[in-house]
file start36.cif (mmCIF, C-alpha atoms)
data_coords
loop_
_atom_site.label_atom_id
_atom_site.label_comp_id
_atom_site.auth_asym_id
_atom_site.auth_seq_id
_atom_site.Cartn_x
_atom_site.Cartn_y
_atom_site.Cartn_z
CA MET A 1 0.00 0.00 0.00
CA THR A 2 1.26 3.43 -0.89
CA SER A 3 2.57 5.34 2.10
CA PHE A 4 0.88 8.56 3.12
CA ARG A 5 2.52 11.80 2.08
CA GLN A 6 3.78 13.45 5.25
CA ARG A 7 2.75 17.10 5.31
CA THR A 8 5.22 19.65 6.59
CA ILE A 9 4.84 23.37 7.18
CA ARG A 10 4.81 24.93 3.72
CA VAL A 11 6.60 28.03 2.63
CA GLY A 12 5.34 29.99 -0.37
CA LYS A 13 2.03 30.36 -2.09
CA GLU A 14 2.23 27.33 -4.40
CA GLU A 15 3.01 24.95 -1.55
CA ASP A 16 -0.10 26.17 0.28
CA ASP A 17 -2.32 25.47 -2.72
CA MET A 18 -4.94 22.71 -2.66
CA ARG A 19 -3.71 20.03 -5.08
CA VAL A 20 -6.49 18.80 -7.37
CA ILE A 21 -6.99 16.08 -10.00
CA LEU A 22 -9.98 16.06 -12.37
CA VAL A 23 -11.43 12.89 -13.89
CA ASP A 24 -14.10 12.90 -16.61
CA ASP A 25 -14.37 10.70 -19.70
CA GLU A 26 -15.65 13.61 -21.86
CA PRO A 27 -12.64 15.76 -22.95
CA LEU A 28 -14.67 18.92 -23.68
CA ILE A 29 -16.31 18.86 -20.26
CA LEU A 30 -12.94 18.10 -18.69
CA ASP A 31 -11.30 21.14 -20.36
CA ARG A 32 -14.15 23.43 -19.30
CA PHE A 33 -13.98 22.13 -15.75
CA ALA A 34 -10.21 22.68 -15.69
CA LYS A 35 -10.68 26.36 -16.66
CA LEU A 36 -13.30 26.79 -13.95
CA ILE A 37 -11.22 25.18 -11.25
CA THR A 38 -7.97 27.03 -12.04
CA GLY A 39 -9.83 30.32 -11.91
CA ASN A 40 -9.92 29.93 -8.13
CA GLU A 41 -7.08 31.23 -6.01
CA GLY A 42 -5.25 28.62 -4.01
CA ILE A 43 -5.91 25.74 -6.43
CA GLN A 44 -3.10 23.78 -8.05
CA LEU A 45 -4.34 21.49 -10.84
CA VAL A 46 -1.88 18.59 -10.85
CA GLY A 47 -3.68 16.46 -13.43
CA LYS A 48 -6.76 15.98 -15.58
CA PHE A 49 -7.70 12.64 -17.11
CA SER A 50 -10.39 11.21 -19.38
CA ASP A 51 -9.14 7.64 -18.89
CA PRO A 52 -10.15 6.50 -15.38
CA ARG A 53 -7.42 3.85 -15.17
CA GLN A 54 -4.68 6.31 -16.07
CA ALA A 55 -6.28 8.72 -13.62
CA PHE A 56 -6.09 6.22 -10.79
CA GLU A 57 -2.39 5.56 -11.42
CA ALA A 58 -1.72 9.31 -11.34
CA ILE A 59 -3.78 9.75 -8.17
CA VAL A 60 -1.75 7.08 -6.39
CA GLN A 61 1.49 8.68 -7.58
CA LYS A 62 0.64 12.35 -6.99
CA GLN A 63 -1.53 11.89 -3.88
CA PRO A 64 -3.69 14.99 -4.39
CA ASP A 65 -5.74 16.68 -1.70
CA VAL A 66 -8.94 16.42 -3.75
CA VAL A 67 -10.23 14.40 -6.69
CA PHE A 68 -13.22 15.68 -8.68
CA LEU A 69 -14.62 12.46 -10.05
CA ASP A 70 -17.20 11.84 -12.77
CA VAL A 71 -19.66 9.13 -11.78
CA GLU A 72 -20.80 7.77 -15.13
CA MET A 73 -17.62 6.53 -16.85
CA PRO A 74 -16.95 3.45 -18.98
CA GLU A 75 -14.68 0.67 -17.72
CA LEU A 76 -14.44 2.02 -14.17
CA ASN A 77 -17.52 3.35 -12.39
CA GLY A 78 -16.87 6.56 -10.46
CA ILE A 79 -18.07 5.11 -7.17
CA GLU A 80 -15.86 2.06 -7.63
CA MET A 81 -12.93 4.35 -8.34
CA ALA A 82 -13.69 6.40 -5.22
CA GLU A 83 -13.67 3.17 -3.27
CA LYS A 84 -10.21 2.31 -4.65
CA ILE A 85 -8.93 5.80 -3.85
CA GLN A 86 -10.15 5.53 -0.26
CA THR A 87 -8.44 2.17 0.12
CA VAL A 88 -5.06 3.54 -0.90
CA LEU A 89 -5.36 7.21 0.11
CA PRO A 90 -7.92 7.56 2.90
CA ARG A 91 -6.98 11.24 3.43
CA THR A 92 -7.74 12.29 -0.15
CA LYS A 93 -11.11 14.02 -0.46
CA VAL A 94 -13.52 13.01 -3.22
CA VAL A 95 -16.14 15.22 -4.87
CA PHE A 96 -18.55 13.38 -7.19
CA VAL A 97 -19.70 14.92 -10.45
CA THR A 98 -22.84 13.62 -12.19
CA ALA A 99 -25.35 14.59 -14.85
CA TYR A 100 -28.33 13.43 -12.79
CA ARG A 101 -29.38 15.54 -9.81
CA GLU A 102 -31.82 13.02 -8.33
CA TYR A 103 -29.30 10.24 -8.74
CA ALA A 104 -26.66 12.35 -7.02
CA VAL A 105 -28.83 13.22 -4.06
CA GLU A 106 -29.94 9.64 -3.56
CA ALA A 107 -26.67 7.82 -4.10
CA PHE A 108 -23.84 10.22 -3.33
CA GLU A 109 -24.91 12.56 -0.57
CA LEU A 110 -23.16 10.20 1.78
CA ASN A 111 -19.70 10.77 3.19
CA ALA A 112 -18.22 12.28 0.07
CA VAL A 113 -17.24 15.88 0.71
CA ASP A 114 -19.74 17.07 -1.90
CA TYR A 115 -21.33 16.37 -5.28
CA LEU A 116 -21.69 18.62 -8.31
CA VAL A 117 -24.30 18.38 -11.05
CA LYS A 118 -23.31 18.88 -14.70
CA PRO A 119 -22.98 21.37 -16.22
CA VAL A 120 -20.98 22.60 -13.24
CA GLN A 121 -21.77 26.22 -12.37
CA ARG A 122 -19.01 28.54 -11.16
CA GLU A 123 -20.93 29.68 -8.08
CA ARG A 124 -21.70 26.11 -7.02
CA LEU A 125 -18.08 25.08 -7.61
CA ASN A 126 -16.82 28.01 -5.53
CA GLU A 127 -19.05 26.87 -2.67
CA THR A 128 -17.53 23.39 -2.84
CA ILE A 129 -14.00 24.79 -2.91
CA ARG A 130 -14.71 26.93 0.15
CA ARG A 131 -15.92 23.81 1.94
CA LEU A 132 -12.83 21.88 0.89
CA LYS A 133 -10.45 24.61 2.01
CA LYS A 134 -12.14 24.71 5.37
CA GLU A 135 -11.61 20.97 5.80
CA LEU A 136 -8.00 21.15 4.64
CA VAL A 137 -6.92 24.10 6.79
CA VAL A 138 -3.38 23.48 8.06
CA LYS A 139 -3.70 20.12 6.27
CA GLN A 140 -5.24 18.50 9.36
CA PRO A 141 -2.48 16.62 11.22
CA PHE A 142 -2.75 12.89 10.88
CA HIS A 143 -3.94 11.10 14.00
CA SER A 144 -2.63 7.60 14.37
CA PRO A 145 -5.47 5.07 14.38
CA ASN A 146 -6.68 3.78 17.71
CA GLN A 147 -5.33 0.25 18.09
CA ASP A 148 -6.57 -0.03 21.68
CA VAL A 149 -9.98 -1.11 20.42
CA MET A 150 -12.03 -4.29 20.52
CA VAL A 151 -14.96 -4.98 18.23
CA CYS A 152 -17.89 -6.24 20.31
CA CYS A 153 -20.47 -8.50 18.67
CA PHE A 154 -22.21 -9.93 21.72
CA GLN A 155 -25.76 -8.52 21.82
CA SER A 156 -24.97 -5.54 19.55
CA LEU A 157 -22.17 -4.20 17.36
CA ARG A 158 -20.02 -1.81 19.36
CA PHE A 159 -16.40 -0.69 19.63
CA LYS A 160 -14.82 -0.77 23.07
CA GLN A 161 -11.57 0.74 24.28
CA THR A 162 -9.75 -2.13 25.96
CA HIS A 163 -8.07 0.06 28.58
CA LYS A 164 -11.49 1.55 29.46
CA PRO A 165 -13.83 -1.47 29.43
CA SER A 166 -16.94 0.61 30.08
CA TYR A 167 -16.15 3.20 27.38
CA PHE A 168 -17.51 2.64 23.86
CA LEU A 169 -16.44 4.66 20.83
CA ASP A 170 -19.08 6.63 19.00
CA VAL A 171 -19.23 5.28 15.45
CA HIS A 172 -21.78 7.05 13.29
CA TRP A 173 -23.28 4.76 10.65
CA ARG A 174 -24.80 6.94 7.94
CA THR A 175 -27.28 4.19 7.02
CA THR A 176 -28.47 0.91 8.53
CA LYS A 177 -27.05 -0.87 5.47
CA ALA A 178 -23.57 0.44 6.30
CA LYS A 179 -23.79 -1.08 9.76
CA GLU A 180 -25.15 -4.34 8.37
CA LEU A 181 -22.51 -4.62 5.66
CA PHE A 182 -19.73 -4.02 8.19
CA SER A 183 -21.29 -6.67 10.44
CA PHE A 184 -21.54 -9.03 7.47
CA LEU A 185 -17.84 -8.56 6.67
CA ILE A 186 -16.99 -9.09 10.35
CA HIS A 187 -19.05 -12.28 10.19
CA HIS A 188 -16.95 -13.45 7.21
CA ARG A 189 -13.70 -11.95 8.51
CA HIS A 190 -11.61 -15.06 7.77
CA ASN A 191 -12.43 -15.20 4.06
CA PRO A 192 -13.04 -12.80 1.16
CA VAL A 193 -16.70 -12.40 0.20
CA HIS A 194 -17.63 -12.06 -3.46
CA LYS A 195 -19.53 -8.88 -4.27
CA ALA A 196 -22.35 -10.90 -5.84
CA ALA A 197 -22.80 -12.84 -2.59
CA ILE A 198 -23.02 -9.58 -0.63
CA ILE A 199 -25.60 -8.19 -3.03
CA ASP A 200 -27.68 -11.39 -2.85
CA GLN A 201 -27.74 -11.09 0.92
CA LEU A 202 -28.20 -7.35 1.45
CA TRP A 203 -29.90 -6.11 -1.74
CA PRO A 204 -31.78 -9.14 -3.10
CA ASP A 205 -34.84 -7.28 -4.38
CA ILE A 206 -33.42 -4.43 -6.45
CA ASP A 207 -31.98 -4.16 -9.94
CA TYR A 208 -28.43 -5.53 -10.14
CA GLU A 209 -26.83 -2.34 -11.49
CA LYS A 210 -28.47 -0.27 -8.78
CA SER A 211 -27.43 -2.80 -6.15
CA VAL A 212 -23.81 -2.55 -7.31
CA THR A 213 -23.99 1.22 -6.90
CA GLN A 214 -25.51 0.75 -3.44
CA LEU A 215 -22.72 -1.64 -2.51
CA TYR A 216 -19.95 0.74 -3.55
CA SER A 217 -21.65 3.65 -1.82
CA THR A 218 -22.07 1.64 1.37
CA VAL A 219 -18.43 0.52 1.39
CA TYR A 220 -17.47 4.16 1.01
CA GLN A 221 -19.66 5.07 3.99
CA ILE A 222 -18.08 2.38 6.15
CA ARG A 223 -14.57 3.57 5.36
CA GLN A 224 -15.52 7.13 6.24
CA ALA A 225 -17.23 6.11 9.50
CA LEU A 226 -14.24 4.04 10.66
CA LYS A 227 -11.77 6.77 9.68
CA LYS A 228 -13.69 9.43 11.59
CA ALA A 229 -13.79 7.21 14.68
CA GLY A 230 -10.03 6.53 14.44
CA ILE A 231 -10.57 2.77 14.07
CA HIS A 232 -7.86 1.23 11.92
CA ILE A 233 -9.90 -1.46 10.17
CA THR A 234 -9.71 -1.44 6.39
CA ILE A 235 -11.82 -3.02 3.64
CA VAL A 236 -9.63 -4.64 1.00
CA SER A 237 -11.08 -5.11 -2.49
CA PHE A 238 -9.68 -7.74 -4.85
CA ASN A 239 -10.93 -10.31 -7.39
CA HIS A 240 -14.47 -8.87 -7.20
CA SER A 241 -14.48 -9.61 -3.47
CA TYR A 242 -14.16 -7.75 -0.18
CA LYS A 243 -12.30 -8.75 2.96
CA LEU A 244 -11.72 -6.93 6.23
CA ASP A 245 -8.19 -6.28 7.40
CA LEU A 246 -8.57 -5.93 11.16
CA ASN A 247 -4.96 -4.76 11.54
CA GLY A 248 -4.60 -6.52 14.88
CA ILE A 249 -7.88 -5.29 16.36
CA ARG A 250 -9.58 -8.10 18.27
CA LEU A 251 -13.18 -9.31 18.49
CA ASP A 252 -14.91 -10.17 21.75
CA VAL A 253 -16.43 -13.33 20.24
CA ASP A 254 -12.99 -14.57 19.17
CA GLU A 255 -11.51 -13.84 22.59
CA TRP A 256 -14.38 -15.60 24.33
CA GLU A 257 -14.22 -18.70 22.12
CA ARG A 258 -10.46 -18.89 22.64
CA ARG A 259 -11.07 -18.91 26.40
CA ILE A 260 -13.67 -21.67 25.93
CA ASN A 261 -11.21 -23.78 23.93
CA GLU A 262 -8.40 -23.24 26.42
CA GLN A 263 -10.49 -23.70 29.57
CA PRO A 264 -8.81 -25.63 32.38
CA ILE A 265 -10.24 -28.74 34.02
CA MET A 266 -13.15 -27.87 36.34
CA THR A 267 -11.90 -27.88 39.91
CA GLU A 268 -12.46 -25.79 43.01
CA ALA A 269 -9.26 -23.91 42.16
CA THR A 270 -10.36 -23.09 38.60
CA LEU A 271 -14.02 -22.32 39.36
CA ASP A 272 -13.47 -18.56 39.24
CA GLN A 273 -11.89 -18.87 35.78
CA HIS A 274 -14.96 -20.75 34.55
CA ARG A 275 -17.26 -18.12 36.04
CA GLU A 276 -15.24 -15.43 34.25
CA ILE A 277 -15.72 -17.25 30.93
CA LEU A 278 -19.47 -17.23 31.55
CA ASP A 279 -19.37 -13.51 32.34
CA LEU A 280 -17.55 -12.68 29.09
CA TYR A 281 -20.59 -13.82 27.13
CA GLY A 282 -22.47 -10.55 26.88
CA GLY A 283 -25.59 -11.74 25.10
CA ASP A 284 -26.29 -13.53 21.84
CA TYR A 285 -24.22 -12.78 18.75
CA LEU A 286 -25.51 -9.59 17.03
CA ALA A 287 -28.85 -10.31 18.70
CA GLU A 288 -30.02 -6.70 18.79
CA SER A 289 -29.90 -6.38 15.00
CA GLY A 290 -31.44 -9.81 14.39
CA TYR A 291 -29.70 -10.40 11.05
CA LEU A 292 -30.97 -13.66 9.57
CA TRP A 293 -27.58 -14.44 8.03
CA ALA A 294 -26.08 -14.47 11.55
CA GLU A 295 -28.57 -16.95 13.00
CA SER A 296 -26.49 -20.12 12.58
CA GLU A 297 -23.48 -18.50 14.26
CA ARG A 298 -25.78 -17.09 16.93
CA GLU A 299 -27.07 -20.59 17.69
CA ARG A 300 -23.58 -22.10 17.66
CA LEU A 301 -22.16 -19.61 20.17
CA ARG A 302 -25.30 -19.86 22.31
CA ALA A 303 -24.93 -23.65 22.43
CA LEU A 304 -21.29 -23.29 23.55
CA TRP A 305 -22.32 -20.95 26.36
CA LEU A 306 -25.22 -23.16 27.47
CA HIS A 307 -22.97 -26.19 27.48
CA HIS A 308 -20.44 -24.35 29.60
CA ILE A 309 -22.97 -22.99 32.09
CA ARG A 310 -24.44 -26.49 32.37
CA LYS A 311 -20.96 -27.79 33.16
CA VAL A 312 -20.45 -25.22 35.92
CA THR A 313 -23.96 -25.84 37.29
CA ASP A 314 -23.34 -29.60 37.48
CA PHE A 315 -20.10 -28.96 39.35
CA LEU A 316 -21.94 -26.78 41.88
CA LEU A 317 -24.69 -29.39 42.28
CA ALA A 318 -22.08 -32.05 42.97
CA LYS A 319 -20.81 -29.79 45.77
CA LYS A 320 -24.40 -29.29 46.97
CA ASP A 321 -23.97 -25.56 46.34
CA TYR A 322 -27.66 -25.07 45.52
CA ILE A 323 -27.54 -21.30 45.94
CA GLY A 324 -24.81 -21.03 43.30
CA ALA A 325 -26.64 -23.41 40.96
CA ILE A 326 -29.88 -21.44 41.35
CA ALA A 327 -28.08 -18.22 40.41
CA LEU A 328 -26.83 -19.80 37.17
CA CYS A 329 -30.26 -21.22 36.31
CA HIS A 330 -31.80 -17.78 36.80
CA ARG A 331 -29.16 -16.42 34.46
CA ILE A 332 -30.21 -18.88 31.76
CA GLN A 333 -33.83 -17.94 32.35
CA ASP A 334 -33.07 -14.21 32.08
CA TYR A 335 -31.26 -14.71 28.76
CA TYR A 336 -33.65 -17.30 27.34
CA PRO A 337 -37.08 -17.00 29.02
CA PHE A 338 -38.67 -19.38 26.49
CA MET A 339 -36.54 -22.38 27.52
CA GLU A 340 -38.79 -24.44 29.76
CA ASP A 341 -35.95 -26.56 31.21
CA SER A 342 -34.71 -23.69 33.39
CA TYR A 343 -38.09 -23.39 35.12
CA PHE A 344 -38.22 -27.08 35.95
CA GLU A 345 -34.65 -27.15 37.19
CA LEU A 346 -35.33 -24.15 39.42
CA MET A 347 -38.43 -25.87 40.80
CA GLN A 348 -36.30 -28.87 41.78
CA LEU A 349 -33.52 -26.74 43.25
CA TYR A 350 -35.87 -24.60 45.33
CA ASN A 351 -37.43 -27.84 46.57
CA LYS A 352 -34.02 -28.95 47.81
CA LEU A 353 -33.79 -25.69 49.76
CA GLY A 354 -37.32 -26.16 51.10
CA ASP A 355 -38.49 -22.92 49.50
CA ARG A 356 -42.12 -23.88 48.79
CA LYS A 357 -43.17 -20.42 47.63
CA ALA A 358 -40.36 -20.24 45.04
CA VAL A 359 -41.29 -23.68 43.62
CA ILE A 360 -44.89 -22.56 43.09
CA GLN A 361 -43.75 -19.26 41.59
CA GLN A 362 -41.52 -21.02 39.04
CA TYR A 363 -44.37 -23.33 38.02
CA MET A 364 -46.75 -20.38 37.63
CA ASN A 365 -44.12 -18.51 35.58
CA LEU A 366 -43.72 -21.55 33.32
CA LYS A 367 -47.48 -21.87 32.82
CA GLN A 368 -47.80 -18.20 31.95
CA MET A 369 -44.88 -18.23 29.51
CA LEU A 370 -46.13 -21.35 27.67
CA LYS A 371 -49.67 -19.99 27.50
CA GLU A 372 -48.64 -16.57 26.18
CA GLU A 373 -46.02 -17.77 23.73
CA TYR A 374 -47.25 -21.15 22.56
CA GLU A 375 -50.89 -21.50 23.72
CA MET A 376 -50.01 -24.72 25.52
CA ASP A 377 -49.76 -26.21 29.02
CA PRO A 378 -46.59 -27.44 30.75
CA PRO A 379 -45.37 -30.87 29.57
CA ALA A 380 -46.91 -33.90 31.28
CA THR A 381 -43.64 -34.80 33.06
CA ILE A 382 -43.37 -31.36 34.70
CA LYS A 383 -47.09 -31.20 35.46
CA THR A 384 -46.99 -34.66 37.10
CA TRP A 385 -43.90 -33.78 39.15
CA TYR A 386 -45.50 -30.56 40.33
CA HIS A 387 -48.82 -32.13 41.39
CA ILE A 388 -47.06 -34.95 43.32
CA TRP A 389 -44.78 -32.38 44.96
CA LYS A 390 -47.75 -30.15 45.83
CA GLU A 391 -49.64 -33.05 47.48
CA ASP A 392 -46.55 -33.92 49.51
CA ASN A 393 -45.88 -30.32 50.50
CA ASP A 394 -49.32 -28.84 51.09
CA PRO A 395 -49.50 -27.32 54.55
CA LEU A 396 -51.78 -29.18 56.94
#
call {"tool": "encode", "arguments": {"input": "start36.cif", "output": "structure tokens"}}
result
Amino acid sequence: MTSFRQRTIRVGKEEDDMRVILVDDEPLILDRFAKLITGNEGIQLVGKFSDPRQAFEAIVQKQPDVVFLDVEMPELNGIEMAEKIQTVLPRTKVVFVTAYREYAVEAFELNAVDYLVKPVQRERLNETIRRLKKELVVKQPFHSPNQDVMVCCFQSLRFKQTHKPSYFLDVHWRTTKAKELFSFLIHHRHNPVHKAAIIDQLWPDIDYEKSVTQLYSTVYQIRQALKKAGIHITIVSFNHSYKLDLNGIRLDVDEWERRINEQPIMTEATLDQHREILDLYGGDYLAESGYLWAESERERLRALWLHHIRKVTDFLLAKKDYIGAIALCHRIQDYYPFMEDSYFELMQLYNKLGDRKAVIQQYMNLKQMLKEEYEMDPPATIKTWYHIWKEDNDPL
């Protein structure tokens, strides 16, 4: 990847100029635009190109401050080119240029600095240049990305500072699709995902060409959101596929599963370690968003946690630590109130403690849950157990 041009304090007017490259496949429009742009003080035109591939090579080499980029070009779509520019030069600003106002407003009023509608008017261009100069004042010193970050996927997608466990970074997703696409790439973080597969999953019901535009726009949004938050995760594009480069940033689900796989043998001495593993599970995988494509992974991780909590509960029962076992069963019930097993187990545990009121309460809770959710009564085995218990424990 091309290294970033390190800005130093400039001396002289030309060195203070905003360096600009223009890209448009129509030479006449390109020449007119060049005359408009160079009529502004403080602008240094370092290149103009009608061939988008030649333009991209020059952009990588010259590393301009701003690229004015035509959207509708043959061979290389303007949004796709903007995506490539942001991959290599995340500090270069992009201004889209298009012949269709409605199309521009809908598709490009995202995290691009601006968009211009053809034919470009001098007054509108001057407004854009003023905006650009404001953003590029003193060339904005580069802030090193925040590596002290963990991506959290339990319950909801969040970004946590590891040295401040209770502090979460504010990442502004411009659209819900941007958040979902980032989550989808996190979900497939170990392998590249073909663009067609992403479109089938996230934009299955719209025209393919429009869905491609939506994909490129959404990738652009993600890059901008991560950059603004100082999170050094990049989206790499190759062979018509995307893959996340996490650059050493960890995921809570990976850390938790590693702890599960490396767990020590269950003993009195290691009990606290096993409790800590249970505590690290912060809720089902991306549960808050409810993405259907995440359901199988959600179920897999849930099964791992349930197996582990069952293991700890059995250890506590073997020690006759009924209070500890009850606490874990309540935890299962809080997370998964529609699992009837937790109610029955709590009934049996409260019976061991002689807490008659709690046994009845758990049975009533089970009846209410099954009635409201499934329009059914408790299973015959639980009902039989309860009625026998009630006969044996009714006060005289």
call {"tool": "residues_around", "arguments": {"input": "start36.cif", "residues": "Leu226 in chain A", "least_positions_apart": "4", "cutoff": "12 Å", "atoms": "all atoms listed in the file", "output": "list in words"}}
result
Gln86, Pro90, Asn111, Pro145, Asn146, Val149, Val151, Arg158, Phe159, Leu169, Asp170, Val171, His172, Trp173, Arg174, Ala178, Lys179, Phe182, Val219, Tyr220, Gln221, Ile222, Gly230, Ile231, His232, Ile233, Thr234, Ile235 and Leu246 of chain A
call {"tool": "closest_residue", "arguments": {"input": "start36.cif", "among": "A:Leu181, A:Ile323, A:Met18, A:Leu370", "to": "Trp293 in chain A", "atoms": "only C-alpha atoms"}}
result
A:Leu181
call {"tool": "axis_aligned_box", "arguments": {"input": "start36.cif", "around": "range 168-176 of chain A", "padding_each_side": "8 Å", "output": "lines of an AutoDock Vina configuration file"}}
result
center_x = -22.5
center_y = 4.0
center_z = 15.4
size_x = 28.0
size_y = 22.1
size_z = 32.8
call {"tool": "residues_near_point", "arguments": {"input": "start36.cif", "point": "(-6.0, 10.1, -15.8)", "cutoff": "12 Å", "atoms": "only C-alpha atoms", "output": "ChimeraX atom specification"}}
result
/A:21-27,30,46-62,67-70,76,81
call {"tool": "write_last_selection", "arguments": {"input": "start36.cif", "atoms": "C-alpha atoms", "output": "mmCIF file, in the coordinates of the input"}}
result
data_model
loop_
_atom_site.group_PDB
_atom_site.id
_atom_site.type_symbol
_atom_site.label_atom_id
_atom_site.label_comp_id
_atom_site.auth_asym_id
_atom_site.auth_seq_id
_atom_site.Cartn_x
_atom_site.Cartn_y
_atom_site.Cartn_z
ATOM 1 C CA ILE A 21 -6.990 16.080 -10.000
ATOM 2 C CA LEU A 22 -9.980 16.060 -12.370
ATOM 3 C CA VAL A 23 -11.430 12.890 -13.890
ATOM 4 C CA ASP A 24 -14.100 12.900 -16.610
ATOM 5 C CA ASP A 25 -14.370 10.700 -19.700
ATOM 6 C CA GLU A 26 -15.650 13.610 -21.860
ATOM 7 C CA PRO A 27 -12.640 15.760 -22.950
ATOM 8 C CA LEU A 30 -12.940 18.100 -18.690
ATOM 9 C CA VAL A 46 -1.880 18.590 -10.850
ATOM 10 C CA GLY A 47 -3.680 16.460 -13.430
ATOM 11 C CA LYS A 48 -6.760 15.980 -15.580
ATOM 12 C CA PHE A 49 -7.700 12.640 -17.110
ATOM 13 C CA SER A 50 -10.390 11.210 -19.380
ATOM 14 C CA ASP A 51 -9.140 7.640 -18.890
ATOM 15 C CA PRO A 52 -10.150 6.500 -15.380
ATOM 16 C CA ARG A 53 -7.420 3.850 -15.170
ATOM 17 C CA GLN A 54 -4.680 6.310 -16.070
ATOM 18 C CA ALA A 55 -6.280 8.720 -13.620
ATOM 19 C CA PHE A 56 -6.090 6.220 -10.790
ATOM 20 C CA GLU A 57 -2.390 5.560 -11.420
ATOM 21 C CA ALA A 58 -1.720 9.310 -11.340
ATOM 22 C CA ILE A 59 -3.780 9.750 -8.170
ATOM 23 C CA VAL A 60 -1.750 7.080 -6.390
ATOM 24 C CA GLN A 61 1.490 8.680 -7.580
ATOM 25 C CA LYS A 62 0.640 12.350 -6.990
ATOM 26 C CA VAL A 67 -10.230 14.400 -6.690
ATOM 27 C CA PHE A 68 -13.220 15.680 -8.680
ATOM 28 C CA LEU A 69 -14.620 12.460 -10.050
ATOM 29 C CA ASP A 70 -17.200 11.840 -12.770
ATOM 30 C CA LEU A 76 -14.440 2.020 -14.170
ATOM 31 C CA MET A 81 -12.930 4.350 -8.340
#
call {"tool": "atom_distance", "arguments": {"input": "start36.cif", "atom1": "CA of Pro378 in chain A", "atom2": "CA of Gln362 in chain A"}}
result
11.6 Å
call {"tool": "resolve_selection", "arguments": {"input": "start36.cif", "expression": "the PyMOL selection byres ((chain A and resi 314) around 12)", "output": "short mmCIF file (atom, residue, chain, number, x, y, z; two decimals) with C-alpha atoms, keeping the file's coordinate frame"}}
result
data_model
loop_
_atom_site.label_atom_id
_atom_site.label_comp_id
_atom_site.auth_asym_id
_atom_site.auth_seq_id
_atom_site.Cartn_x
_atom_site.Cartn_y
_atom_site.Cartn_z
CA MET A 266 -13.15 -27.87 36.34
CA THR A 267 -11.90 -27.88 39.91
CA LEU A 271 -14.02 -22.32 39.36
CA HIS A 307 -22.97 -26.19 27.48
CA HIS A 308 -20.44 -24.35 29.60
CA ILE A 309 -22.97 -22.99 32.09
CA ARG A 310 -24.44 -26.49 32.37
CA LYS A 311 -20.96 -27.79 33.16
CA VAL A 312 -20.45 -25.22 35.92
CA THR A 313 -23.96 -25.84 37.29
CA PHE A 315 -20.10 -28.96 39.35
CA LEU A 316 -21.94 -26.78 41.88
CA LEU A 317 -24.69 -29.39 42.28
CA ALA A 318 -22.08 -32.05 42.97
CA LYS A 319 -20.81 -29.79 45.77
CA LYS A 320 -24.40 -29.29 46.97
CA ASP A 321 -23.97 -25.56 46.34
CA TYR A 322 -27.66 -25.07 45.52
CA GLY A 324 -24.81 -21.03 43.30
CA ALA A 325 -26.64 -23.41 40.96
CA ILE A 326 -29.88 -21.44 41.35
CA LEU A 328 -26.83 -19.80 37.17
CA CYS A 329 -30.26 -21.22 36.31
CA GLU A 345 -34.65 -27.15 37.19
#
call {"tool": "atom_distance", "arguments": {"input": "start36.cif", "atom1": "CA of Leu346 in chain A", "atom2": "CA of Val253 in chain A"}}
result
29.0 Å
call {"tool": "atom_distance", "arguments": {"input": "start36.cif", "atom1": "CA of Arg356 in chain A", "atom2": "CA of Tyr336 in chain A"}}
result
24.0 Å
call {"tool": "residues_near_point", "arguments": {"input": "start36.cif", "point": "(-48.8, -22.1, 30.6)", "cutoff": "12 Å", "atoms": "all atoms listed in the file", "output": "tab-separated table (two decimals) with C-alpha atoms, in the frame of the given file"}}
result
chain	number	residue	atom	x	y	z
A	338	PHE	CA	-38.67	-19.38	26.49
A	340	GLU	CA	-38.79	-24.44	29.76
A	343	TYR	CA	-38.09	-23.39	35.12
A	362	GLN	CA	-41.52	-21.02	39.04
A	363	TYR	CA	-44.37	-23.33	38.02
A	364	MET	CA	-46.75	-20.38	37.63
A	365	ASN	CA	-44.12	-18.51	35.58
A	366	LEU	CA	-43.72	-21.55	33.32
A	367	LYS	CA	-47.48	-21.87	32.82
A	368	GLN	CA	-47.80	-18.20	31.95
A	369	MET	CA	-44.88	-18.23	29.51
A	370	LEU	CA	-46.13	-21.35	27.67
A	371	LYS	CA	-49.67	-19.99	27.50
A	372	GLU	CA	-48.64	-16.57	26.18
A	373	GLU	CA	-46.02	-17.77	23.73
A	374	TYR	CA	-47.25	-21.15	22.56
A	375	GLU	CA	-50.89	-21.50	23.72
A	376	MET	CA	-50.01	-24.72	25.52
A	377	ASP	CA	-49.76	-26.21	29.02
A	378	PRO	CA	-46.59	-27.44	30.75
A	379	PRO	CA	-45.37	-30.87	29.57
A	380	ALA	CA	-46.91	-33.90	31.28
A	382	ILE	CA	-43.37	-31.36	34.70
A	383	LYS	CA	-47.09	-31.20	35.46
call {"tool": "resolve_selection", "arguments": {"input": "start36.cif", "expression": "the PyMOL selection byres ((chain A and resi 116-125) around 9)", "output": "PyMOL selection string"}}
result
chain A and resi 29+33+36-37+68+95-101+104+114-115+126-130
call {"tool": "resolve_selection", "arguments": {"input": "start36.cif", "expression": "the PyMOL selection byres ((chain A and resi 83) around 9)", "output": "number ranges by chain"}}
result
A: 78-82, 84-88, 216-217, 219-220, 223, 237
call {"tool": "residues_around", "arguments": {"input": "start36.cif", "residues": "Phe154 in chain A", "least_positions_apart": "6", "cutoff": "9 Å", "atoms": "all atoms listed in the file", "output": "MDAnalysis selection string"}}
result
chainID A and resid 252:253 281:288
call {"tool": "closest_residue", "arguments": {"input": "start36.cif", "among": "A:Cys153, A:Val113, A:Leu28, A:Ile198", "to": "Leu301 in chain A", "atoms": "all atoms listed in the file"}}
result
A:Cys153
